[in-house]
Amino acid sequence: MGERYLIALGSNRRHHRHGSPERVLAAALTALDQAGIAVRARGPVIRSDPIGPSLRRYANSAVTVETPLSPPELLAALKHIERAFGRTASGQRWSSRVLDLDIVLWSGGCWSSPGLTVPHALFRERAFVLGPALPIAGQWRDPVSHRTLRQLAARLTKPGRLRAD
């Protein structure tokens, strides 16, 4: 079918139709499928503390998908889904949101263009991304560090390391 991606999902606001953040993530999987983005594996949903000004805890998960879309085309499709869930382009960075969909990794390696960098610049330090990704993509390699996601997650939990949740 095409390219494989690891997508991180997050929500920390109720949706008027879907309900709780956990239910928003479930609805987002349906929206991905309806957009022709085939979900191949789903990671567990975990709860995490927010980064930045938001006070609400997040529901986070990860999925592996397969699609013929290039990275910029996939980003456009993800942004379209976020908008359908009520996300607006304006607003404070890291504020609460109904839905956040981020491209973390791509089977093609690295990609860089205005507005999109793959792999995601901060995923290596975020337990709320790596944790849900481990069961479904633990052997995927970061094309920059050449470490597997399992190795990157282990580095976050080493004694003396600060946890990035």
# chains A, B, ... in the order shown; residues from 1 in each chain; ligands from 1
$ residues_around --residues "Trp140 of chain A" --least-positions-apart "4" --cutoff "10 Å" --atoms "only C-alpha atoms" --output "ChimeraX atom specification"
/A:6,105-107,133-134,136,146-150
$ residues_around --residues "segment 84-87 of chain A" --least-positions-apart "2" --cutoff "12 Å" --atoms "only C-alpha atoms" --output "MDAnalysis selection string"
chainID A and resid 11:19 21 24:25 27:28 31:32 35 77:82 89:92 95:101
$ residues_around --residues "segment 152-154 of chain A" --least-positions-apart "4" --cutoff "10 Å" --atoms "only C-alpha atoms" --output "PyMOL selection string"
chain A and resi 123-127+129-131+133-134+138+141-142+145-148+158+163
$ residues_around --residues "segment 70-72 of chain A" --least-positions-apart "5" --cutoff "8 Å" --atoms "only C-alpha atoms" --output "list in words"
Glu3, Trp106, Trp111 and Leu116 of chain A
$ atom_distance --atom1 "atom CA of Asp33 of chain A" --atom2 "atom CA of Gly10 of chain A"
17.2 Å
$ closest_residue --among "A:Gly43, A:Pro119, A:Gly36, A:Pro50" --to "Gly2 of chain A" --atoms "only C-alpha atoms"
A:Gly36
